[in-house]
Every structure is written in C-alpha cells, then in structure tokens.
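Chemist: Pasting a structure here, questions to come.
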Amino acid sequence: MATTIPKSALIIVDLQEDFCPPNGSLAVSNGRDIIPTVNALLELPFTLRIATKDWHPPDHISFASNHPNAQPFTSTTTVVNPNNKDETYETRLWPIHCVQNTPGAELVPELHQQKLDTVIEKGQRKEIEMYSAFYDPLKSPRCADSGLADILRRGGVDQVFVAGLAADYCVKATALDAQREGFKTFIVEEGTRAVDAGGWADVRKGIEAEGVEIISFDSQEVRSVGKV
C-alpha cells in the first residue's frame, strides 16, 4: 500500500525592513539573523511557499502617533468591530511601520523572493489590527480575511511550517489560526525572533498548549518535507 506524502506549506511572516535591524522603525532584536534559516527553508520541496507583509495605511489604528498622548510599546487602544459595536478588543500601540509603498514595508532584499509562490498583504484596513496572516480577531462578523486558508486548501496542504517576525505577535497569531483551520502546524524556532524576548518562554508554552509544535530546523519534521 502506497504511503501518502503530506503536502507542506511554508509561511514566512512579515520579513520586512521595518521589522529588521539596523534601520527598521519596529526592529526586532536580532531579527535579521533569521534570514539564512528562512532561505534554507525556501530550498526545501514545499508544496507552497508564501510570504506575508504588513501593509498599513498611514492612519492605521496600531500607530501610537495616531492617538493623542499615546506612546509606542506602552500604550494600548480599543479596537471596535465597525459592523458590531459590542465586539471590541485591546491592542498594543506601535511606532509607525510598514506603511504601504514605503521602503520599510518591503521584504528584506536578502530573502530569496524568487522562490515564493505568492505574497499576501495584511493590515490594510485602518480601523483593525490584524496580526494573523489569515484574518483579524473579530468574529461577529469577521472584517478582514486574506484568503490564505482557501489558498492552502486549494493546494491540498496538510501541514504548515511558520517562520518570520515576530514570534510573539504575527508568527504566533498565524500559527494558531493555521492550527485552528485544521492544518498540522509547526514554528521553526531558528526562523523567528520575539519582540519581547524575555517573555518568549511563557508565550511559547501558550502556543504549544494550543497544539502548535515549535521545532528546530534540524528536526525530523523539517527533514521530512516532501518525503515519505
């Protein structure tokens, strides 16, 4: 009886200039160090290789500068579902980053972009924060959906490997939503870094509690991509 080879997708989350040293406006410490690992992943026989980009308008709700007396990193704001005022959530405020059609929003030039099958842009709606590459956290009703789940299903994907920036925000949200959508999901640890490195251990436990596995690049799971 023939063994079915699982179809795997690679999702590279927000590996953009504004999230990387030395000049990124929201640079993740050592964020550029993940690029060799991500490029090595791109060489593997994934069924799909997808990159995502934060792609914000200048008046995006997540920018502290768009809120009176707010400070990046320490201030928060309330996001209200524009179609249901009873649904809200709190979100952290950030420096201006990844504004549409600016150099900071571009994927880093070292990334082997010719290996990508598609690039998904997220965070375009000014009134909604969207960490996940799939959709915003609002549910009643949902306000933004990138179509990523449909892309994966059309490709026959069974499992998803996630890398990129940042581990404790957009990588986390993307991996959790992939798992909830029914894909076996892995985060490749050498291929990500956290905004709040000191809190990563606790965030990691929470991710793993939801069924996502955090693995090494040298793991059997990575070595098995595209193989029986």
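Going by the structure tokens order, chains are called A, B, ..., each with residues numbered from 1, while ligands are numbered from 1 in the order shown.
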Which segment 19-127 of chain A residues have any atom within 7 Å of an atom of segment 139-155 of chain A, and for each, what is the nearest pair of atoms with distance in Å to one decimal, counting only C-alpha atoms, rows sorted by chain and number, as CSV?

Modeler:
residue,atom,partner,partner_atom,distance
A:Asn83,CA,A:Pro141,CA,6.9
A:Asn84,CA,A:Ser140,CA,6.8
A:Lys122,CA,A:Ser146,CA,6.8

Chemist: Enumerate, in order of chain and increasing residue number, the residues of segment 77-112 of chain A with an atom no farther than 12 Å from segment 44-63 of chain A, each with its shortest atom pair and distance in Å to one decimal, counting only C-alpha atoms, as JSON lines.

Modeler:
{"residue": "A:Thr77", "atom": "CA", "partner": "A:Ser62", "partner_atom": "CA", "distance": 8.0}
{"residue": "A:Thr78", "atom": "CA", "partner": "A:Ile61", "partner_atom": "CA", "distance": 9.2}
{"residue": "A:Val79", "atom": "CA", "partner": "A:Ile61", "partner_atom": "CA", "distance": 8.0}
{"residue": "A:Val80", "atom": "CA", "partner": "A:Ile61", "partner_atom": "CA", "distance": 10.6}
{"residue": "A:Glu90", "atom": "CA", "partner": "A:Ser62", "partner_atom": "CA", "distance": 10.5}
{"residue": "A:Thr91", "atom": "CA", "partner": "A:Ser62", "partner_atom": "CA", "distance": 7.5}
{"residue": "A:Arg92", "atom": "CA", "partner": "A:Ser62", "partner_atom": "CA", "distance": 7.0}
{"residue": "A:Leu93", "atom": "CA", "partner": "A:Ser62", "partner_atom": "CA", "distance": 4.9}
{"residue": "A:Trp94", "atom": "CA", "partner": "A:Phe63", "partner_atom": "CA", "distance": 5.1}
{"residue": "A:Pro95", "atom": "CA", "partner": "A:Phe63", "partner_atom": "CA", "distance": 5.6}
{"residue": "A:Ile96", "atom": "CA", "partner": "A:Phe63", "partner_atom": "CA", "distance": 5.3}
{"residue": "A:His97", "atom": "CA", "partner": "A:His56", "partner_atom": "CA", "distance": 7.7}
{"residue": "A:Cys98", "atom": "CA", "partner": "A:Trp55", "partner_atom": "CA", "distance": 5.7}
{"residue": "A:Val99", "atom": "CA", "partner": "A:His56", "partner_atom": "CA", "distance": 4.7}
{"residue": "A:Gln100", "atom": "CA", "partner": "A:Trp55", "partner_atom": "CA", "distance": 5.1}
{"residue": "A:Asn101", "atom": "CA", "partner": "A:Trp55", "partner_atom": "CA", "distance": 8.2}
{"residue": "A:Thr102", "atom": "CA", "partner": "A:Trp55", "partner_atom": "CA", "distance": 9.5}
{"residue": "A:Pro103", "atom": "CA", "partner": "A:Trp55", "partner_atom": "CA", "distance": 11.5}
{"residue": "A:Gly104", "atom": "CA", "partner": "A:Asp54", "partner_atom": "CA", "distance": 10.0}
{"residue": "A:Ala105", "atom": "CA", "partner": "A:Trp55", "partner_atom": "CA", "distance": 6.7}
{"residue": "A:Glu106", "atom": "CA", "partner": "A:Lys53", "partner_atom": "CA", "distance": 7.8}
{"residue": "A:Leu107", "atom": "CA", "partner": "A:Lys53", "partner_atom": "CA", "distance": 7.4}
{"residue": "A:Val108", "atom": "CA", "partner": "A:Lys53", "partner_atom": "CA", "distance": 10.8}
{"residue": "A:Leu111", "atom": "CA", "partner": "A:Ala51", "partner_atom": "CA", "distance": 10.1}
{"residue": "A:His112", "atom": "CA", "partner": "A:Ala51", "partner_atom": "CA", "distance": 10.8}

Chemist: Would you output that residue set with N, CA, C and O atoms, as a CSV table (one decimal), in the first residue's frame?

Modeler:
chain,number,residue,atom,x,y,z
A,77,THR,N,-4.9,50.7,22.7
A,77,THR,CA,-6.2,51.3,22.3
A,77,THR,C,-7.2,50.2,22.1
A,77,THR,O,-6.9,49.0,22.0
A,78,THR,N,-8.5,50.6,22.1
A,78,THR,CA,-9.6,49.6,21.9
A,78,THR,C,-10.0,49.6,20.4
A,78,THR,O,-10.3,50.6,19.8
A,79,VAL,N,-10.0,48.4,19.9
A,79,VAL,CA,-10.5,48.2,18.5
A,79,VAL,C,-11.9,47.8,18.6
A,79,VAL,O,-12.3,46.9,19.4
A,80,VAL,N,-12.8,48.5,17.9
A,80,VAL,CA,-14.2,48.2,17.9
A,80,VAL,C,-14.6,47.6,16.5
A,80,VAL,O,-14.2,48.2,15.4
A,90,GLU,N,-8.6,44.9,23.0
A,90,GLU,CA,-7.5,45.9,23.3
A,90,GLU,C,-6.3,45.5,22.5
A,90,GLU,O,-6.0,44.3,22.3
A,91,THR,N,-5.6,46.4,21.9
A,91,THR,CA,-4.4,46.1,21.2
A,91,THR,C,-3.2,47.1,21.5
A,91,THR,O,-3.5,48.3,21.9
A,92,ARG,N,-2.0,46.6,21.5
A,92,ARG,CA,-0.8,47.4,21.8
A,92,ARG,C,-0.6,48.4,20.7
A,92,ARG,O,-0.8,48.1,19.5
A,93,LEU,N,0.0,49.5,21.0
A,93,LEU,CA,0.3,50.5,20.0
A,93,LEU,C,1.8,50.5,19.7
A,93,LEU,O,2.6,50.2,20.6
A,94,TRP,N,2.1,50.8,18.4
A,94,TRP,CA,3.5,50.6,17.9
A,94,TRP,C,4.0,51.9,17.3
A,94,TRP,O,3.2,52.8,16.9
A,95,PRO,N,5.3,52.0,17.0
A,95,PRO,CA,5.8,53.0,16.1
A,95,PRO,C,5.2,52.8,14.7
A,95,PRO,O,4.8,51.7,14.4
A,96,ILE,N,5.2,53.9,13.9
A,96,ILE,CA,4.8,53.8,12.5
A,96,ILE,C,5.7,52.7,11.9
A,96,ILE,O,6.9,52.8,12.0
A,97,HIS,N,5.0,51.8,11.1
A,97,HIS,CA,5.8,50.8,10.5
A,97,HIS,C,5.0,50.2,9.3
A,97,HIS,O,3.8,50.2,9.2
A,98,CYS,N,5.8,49.7,8.3
A,98,CYS,CA,5.2,49.0,7.2
A,98,CYS,C,4.1,49.8,6.5
A,98,CYS,O,3.0,49.2,6.2
A,99,VAL,N,4.3,51.1,6.3
A,99,VAL,CA,3.3,51.9,5.6
A,99,VAL,C,3.4,51.5,4.1
A,99,VAL,O,4.4,51.4,3.5
A,100,GLN,N,2.2,51.4,3.5
A,100,GLN,CA,2.1,50.9,2.1
A,100,GLN,C,3.0,51.8,1.2
A,100,GLN,O,3.1,53.0,1.3
A,101,ASN,N,3.7,51.0,0.3
A,101,ASN,CA,4.6,51.7,-0.7
A,101,ASN,C,5.7,52.5,-0.2
A,101,ASN,O,6.2,53.5,-0.8
A,102,THR,N,6.2,52.1,1.0
A,102,THR,CA,7.4,52.7,1.6
A,102,THR,C,8.5,51.7,1.7
A,102,THR,O,8.2,50.5,1.7
A,103,PRO,N,9.8,52.1,1.7
A,103,PRO,CA,10.9,51.1,1.8
A,103,PRO,C,10.8,50.2,3.0
A,103,PRO,O,11.1,49.0,2.9
A,104,GLY,N,10.2,50.7,4.1
A,104,GLY,CA,10.1,49.9,5.3
A,104,GLY,C,9.2,48.7,5.2
A,104,GLY,O,9.2,47.7,5.9
A,105,ALA,N,8.2,48.8,4.2
A,105,ALA,CA,7.2,47.8,4.0
A,105,ALA,C,7.7,46.7,3.1
A,105,ALA,O,7.1,45.7,2.9
A,106,GLU,N,8.9,46.9,2.5
A,106,GLU,CA,9.4,45.9,1.5
A,106,GLU,C,10.0,44.7,2.2
A,106,GLU,O,10.5,44.8,3.3
A,107,LEU,N,9.8,43.5,1.6
A,107,LEU,CA,10.5,42.3,2.1
A,107,LEU,C,12.0,42.6,2.0
A,107,LEU,O,12.5,43.3,1.1
A,108,VAL,N,12.8,42.0,3.0
A,108,VAL,CA,14.2,42.3,3.0
A,108,VAL,C,14.9,41.7,1.7
A,108,VAL,O,14.5,40.7,1.2
A,111,LEU,N,16.2,38.1,1.3
A,111,LEU,CA,15.2,37.0,1.1
A,111,LEU,C,15.2,36.5,-0.3
A,111,LEU,O,15.1,37.3,-1.2
A,112,HIS,N,15.2,35.2,-0.5
A,112,HIS,CA,15.2,34.6,-1.9
A,112,HIS,C,13.8,34.6,-2.4
A,112,HIS,O,13.1,33.6,-2.5

Chemist: Among segment 3-226 of chain A, which residues does DSSP mark as alpha helix (DSSP H) when it is run on the backbone? Keep the chain and numbering as in the structure and answer as number ranges by chain.

Modeler: A: 35-42, 148-154, 172-180, 200-209, 220-223

Chemist: Convert the current residue selection to file output with N, CA and C atoms, as a compact mmCIF listing (two decimals), in the first residue's frame.

Modeler:
# COMPACT_ATOMS: atom_id res chain seq x y z
N ILE A 35 17.38 35.25 8.58
CA ILE A 35 17.29 35.16 7.12
C ILE A 35 17.96 33.91 6.57
N PRO A 36 19.16 33.51 7.02
CA PRO A 36 19.74 32.27 6.47
C PRO A 36 18.86 31.04 6.70
N THR A 37 18.23 30.95 7.86
CA THR A 37 17.33 29.82 8.12
C THR A 37 16.13 29.87 7.19
N VAL A 38 15.55 31.05 7.03
CA VAL A 38 14.38 31.17 6.15
C VAL A 38 14.75 30.81 4.71
N ASN A 39 15.89 31.28 4.24
CA ASN A 39 16.31 30.94 2.88
C ASN A 39 16.58 29.45 2.73
N ALA A 40 17.12 28.83 3.77
CA ALA A 40 17.33 27.38 3.72
C ALA A 40 15.99 26.64 3.65
N LEU A 41 14.99 27.14 4.38
CA LEU A 41 13.65 26.54 4.29
C LEU A 41 13.09 26.67 2.88
N LEU A 42 13.34 27.80 2.24
CA LEU A 42 12.83 28.03 0.89
C LEU A 42 13.40 27.04 -0.12
N LEU A 148 -6.02 33.21 2.85
CA LEU A 148 -4.92 32.25 2.99
C LEU A 148 -5.42 30.83 3.23
N ALA A 149 -6.43 30.65 4.04
CA ALA A 149 -6.94 29.30 4.30
C ALA A 149 -7.39 28.64 3.00
N ASP A 150 -8.06 29.39 2.15
CA ASP A 150 -8.52 28.85 0.87
C ASP A 150 -7.34 28.51 -0.04
N ILE A 151 -6.32 29.34 -0.03
CA ILE A 151 -5.12 29.07 -0.84
C ILE A 151 -4.49 27.75 -0.41
N LEU A 152 -4.38 27.55 0.89
CA LEU A 152 -3.79 26.31 1.40
C LEU A 152 -4.64 25.10 1.05
N ARG A 153 -5.94 25.24 1.18
CA ARG A 153 -6.81 24.10 0.87
C ARG A 153 -6.80 23.77 -0.62
N ARG A 154 -6.81 24.79 -1.45
CA ARG A 154 -6.75 24.54 -2.89
C ARG A 154 -5.45 23.83 -3.28
N LYS A 172 3.01 34.04 16.00
CA LYS A 172 2.10 33.34 16.93
C LYS A 172 0.68 33.30 16.39
N ALA A 173 0.15 34.45 16.02
CA ALA A 173 -1.24 34.52 15.57
C ALA A 173 -1.46 33.69 14.31
N THR A 174 -0.51 33.73 13.39
CA THR A 174 -0.63 32.97 12.16
C THR A 174 -0.59 31.47 12.43
N ALA A 175 0.32 31.05 13.29
CA ALA A 175 0.43 29.62 13.60
C ALA A 175 -0.83 29.11 14.30
N LEU A 176 -1.34 29.88 15.25
CA LEU A 176 -2.55 29.45 15.96
C LEU A 176 -3.74 29.35 15.02
N ASP A 177 -3.88 30.31 14.11
CA ASP A 177 -5.00 30.24 13.18
C ASP A 177 -4.84 29.09 12.19
N ALA A 178 -3.60 28.81 11.78
CA ALA A 178 -3.38 27.65 10.90
C ALA A 178 -3.80 26.36 11.59
N GLN A 179 -3.43 26.23 12.86
CA GLN A 179 -3.82 25.04 13.62
C GLN A 179 -5.34 24.96 13.75
N ARG A 180 -5.99 26.08 14.03
CA ARG A 180 -7.45 26.09 14.18
C ARG A 180 -8.15 25.78 12.87
N TRP A 200 9.29 35.30 25.95
CA TRP A 200 9.05 34.26 24.94
C TRP A 200 8.75 32.90 25.55
N ALA A 201 9.40 32.54 26.66
CA ALA A 201 9.18 31.22 27.25
C ALA A 201 7.71 31.01 27.61
N ASP A 202 7.09 32.03 28.20
CA ASP A 202 5.67 31.91 28.56
C ASP A 202 4.78 31.89 27.33
N VAL A 203 5.11 32.73 26.34
CA VAL A 203 4.33 32.75 25.10
C VAL A 203 4.43 31.39 24.42
N ARG A 204 5.61 30.84 24.41
CA ARG A 204 5.83 29.52 23.79
C ARG A 204 4.94 28.46 24.42
N LYS A 205 4.86 28.46 25.74
CA LYS A 205 4.01 27.47 26.42
C LYS A 205 2.56 27.61 25.98
N GLY A 206 2.10 28.85 25.86
CA GLY A 206 0.73 29.07 25.43
C GLY A 206 0.47 28.59 24.01
N ILE A 207 1.45 28.80 23.13
CA ILE A 207 1.32 28.34 21.75
C ILE A 207 1.26 26.81 21.71
N GLU A 208 2.16 26.18 22.43
CA GLU A 208 2.21 24.72 22.43
C GLU A 208 0.96 24.12 23.06
N ALA A 209 0.37 24.81 24.02
CA ALA A 209 -0.86 24.32 24.64
C ALA A 209 -2.01 24.25 23.65
N GLN A 220 13.28 16.22 12.62
CA GLN A 220 12.79 15.24 11.66
C GLN A 220 11.65 15.81 10.82
N GLU A 221 10.83 16.67 11.44
CA GLU A 221 9.71 17.25 10.71
C GLU A 221 10.19 18.08 9.51
N VAL A 222 11.22 18.87 9.71
CA VAL A 222 11.76 19.68 8.61
C VAL A 222 12.44 18.77 7.59
N ARG A 223 13.22 17.81 8.05
CA ARG A 223 13.92 16.90 7.12
C ARG A 223 12.94 16.09 6.28

Chemist: DSSP on the backbone, strand (DSSP E or B) only: what residues of segment 20-224 of chain A does that give? Format it as a ChimeraX atom specification.

Modeler: /A:48-54,56,63,76-81,84-92,94,99,107,118-122,135,145,159-165,184-193,213-215

Chemist: Write out as a JSON list (two decimals) with C-alpha atoms, in the first residue's frame the residues lying within 8 Å of Ser8 of chain A, counting only C-alpha atoms and excluding same-chain residues fewer than 4 positions away.

Modeler:
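Output (part.json):
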[["chain", "number", "residue", "atom", "x", "y", "z"],
["A", 46, "PHE", "CA", 7.28, 22.69, -0.06],
["A", 47, "THR", "CA", 4.03, 22.48, -1.99],
["A", 48, "LEU", "CA", 3.54, 26.21, -1.39],
["A", 157, "VAL", "CA", -1.87, 21.31, 2.06],
["A", 158, "ASP", "CA", -1.91, 19.13, 5.18],
["A", 159, "GLN", "CA", 0.69, 20.84, 7.31],
["A", 160, "VAL", "CA", 2.15, 24.32, 7.71],
["A", 161, "PHE", "CA", 5.61, 25.49, 8.77],
["A", 225, "VAL", "CA", 9.27, 17.89, 3.99],
["A", 226, "GLY", "CA", 8.31, 16.44, 0.62]]

Chemist: Atom CA of Phe186 of chain A to atom CA of Glu213 of chain A: how many Å, to one decimal?

Modeler: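 Atom-to-atom, atom CA of Phe186 of chain A to atom CA of Glu213 of chain A, that is 4.8 Å.
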
Chemist: Grab the atom CA of Val28 of chain A to atom CA of Tyr131 of chain A distance for me, in Å with one decimal place.

Modeler: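 We find that atom CA of Val28 of chain A and atom CA of Tyr131 of chain A lie 15.2 Å from each other.
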
Chemist: Sorted by chain and rising residue number, which residues of segment 141-182 of chain A lie within 12 Å of segment 19-22 of chain A, and what are their closest atom pairs and distances in Å to one decimal, counting only C-alpha atoms, as a Markdown table?

Modeler:
| residue | atom | partner | partner_atom | distance |
| --- | --- | --- | --- | --- |
| A:Gly164 | CA | A:Phe19 | CA | 9.8 |
| A:Leu165 | CA | A:Phe19 | CA | 7.1 |
| A:Ala166 | CA | A:Phe19 | CA | 8.0 |
| A:Ala167 | CA | A:Phe19 | CA | 11.7 |
| A:Tyr169 | CA | A:Phe19 | CA | 12.0 |
| A:Cys170 | CA | A:Phe19 | CA | 11.4 |

Chemist: Leaving out Ala197 of chain A and any residue of its chain fewer than 4 positions from it, which residues lie within 9 Å of it when counting only C-alpha atoms, given as a ChimeraX atom specification?

Modeler: /A:29,168,193,201

Chemist: So which one's closest to Glu43 of chain A, A:Lys115, A:Lys227, A:Lys184, A:Lys7? Using only C-alpha atoms, please.

Modeler: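 Among the listed residues, A:Lys115 lies closest to Glu43 of chain A.
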
Chemist: Find the residue from A:Phe134, A:Glu110, A:Asn66, A:Glu129 that sits nearest to Asp33 of chain A; use only C-alpha atoms when measuring.

Modeler: A:Glu110
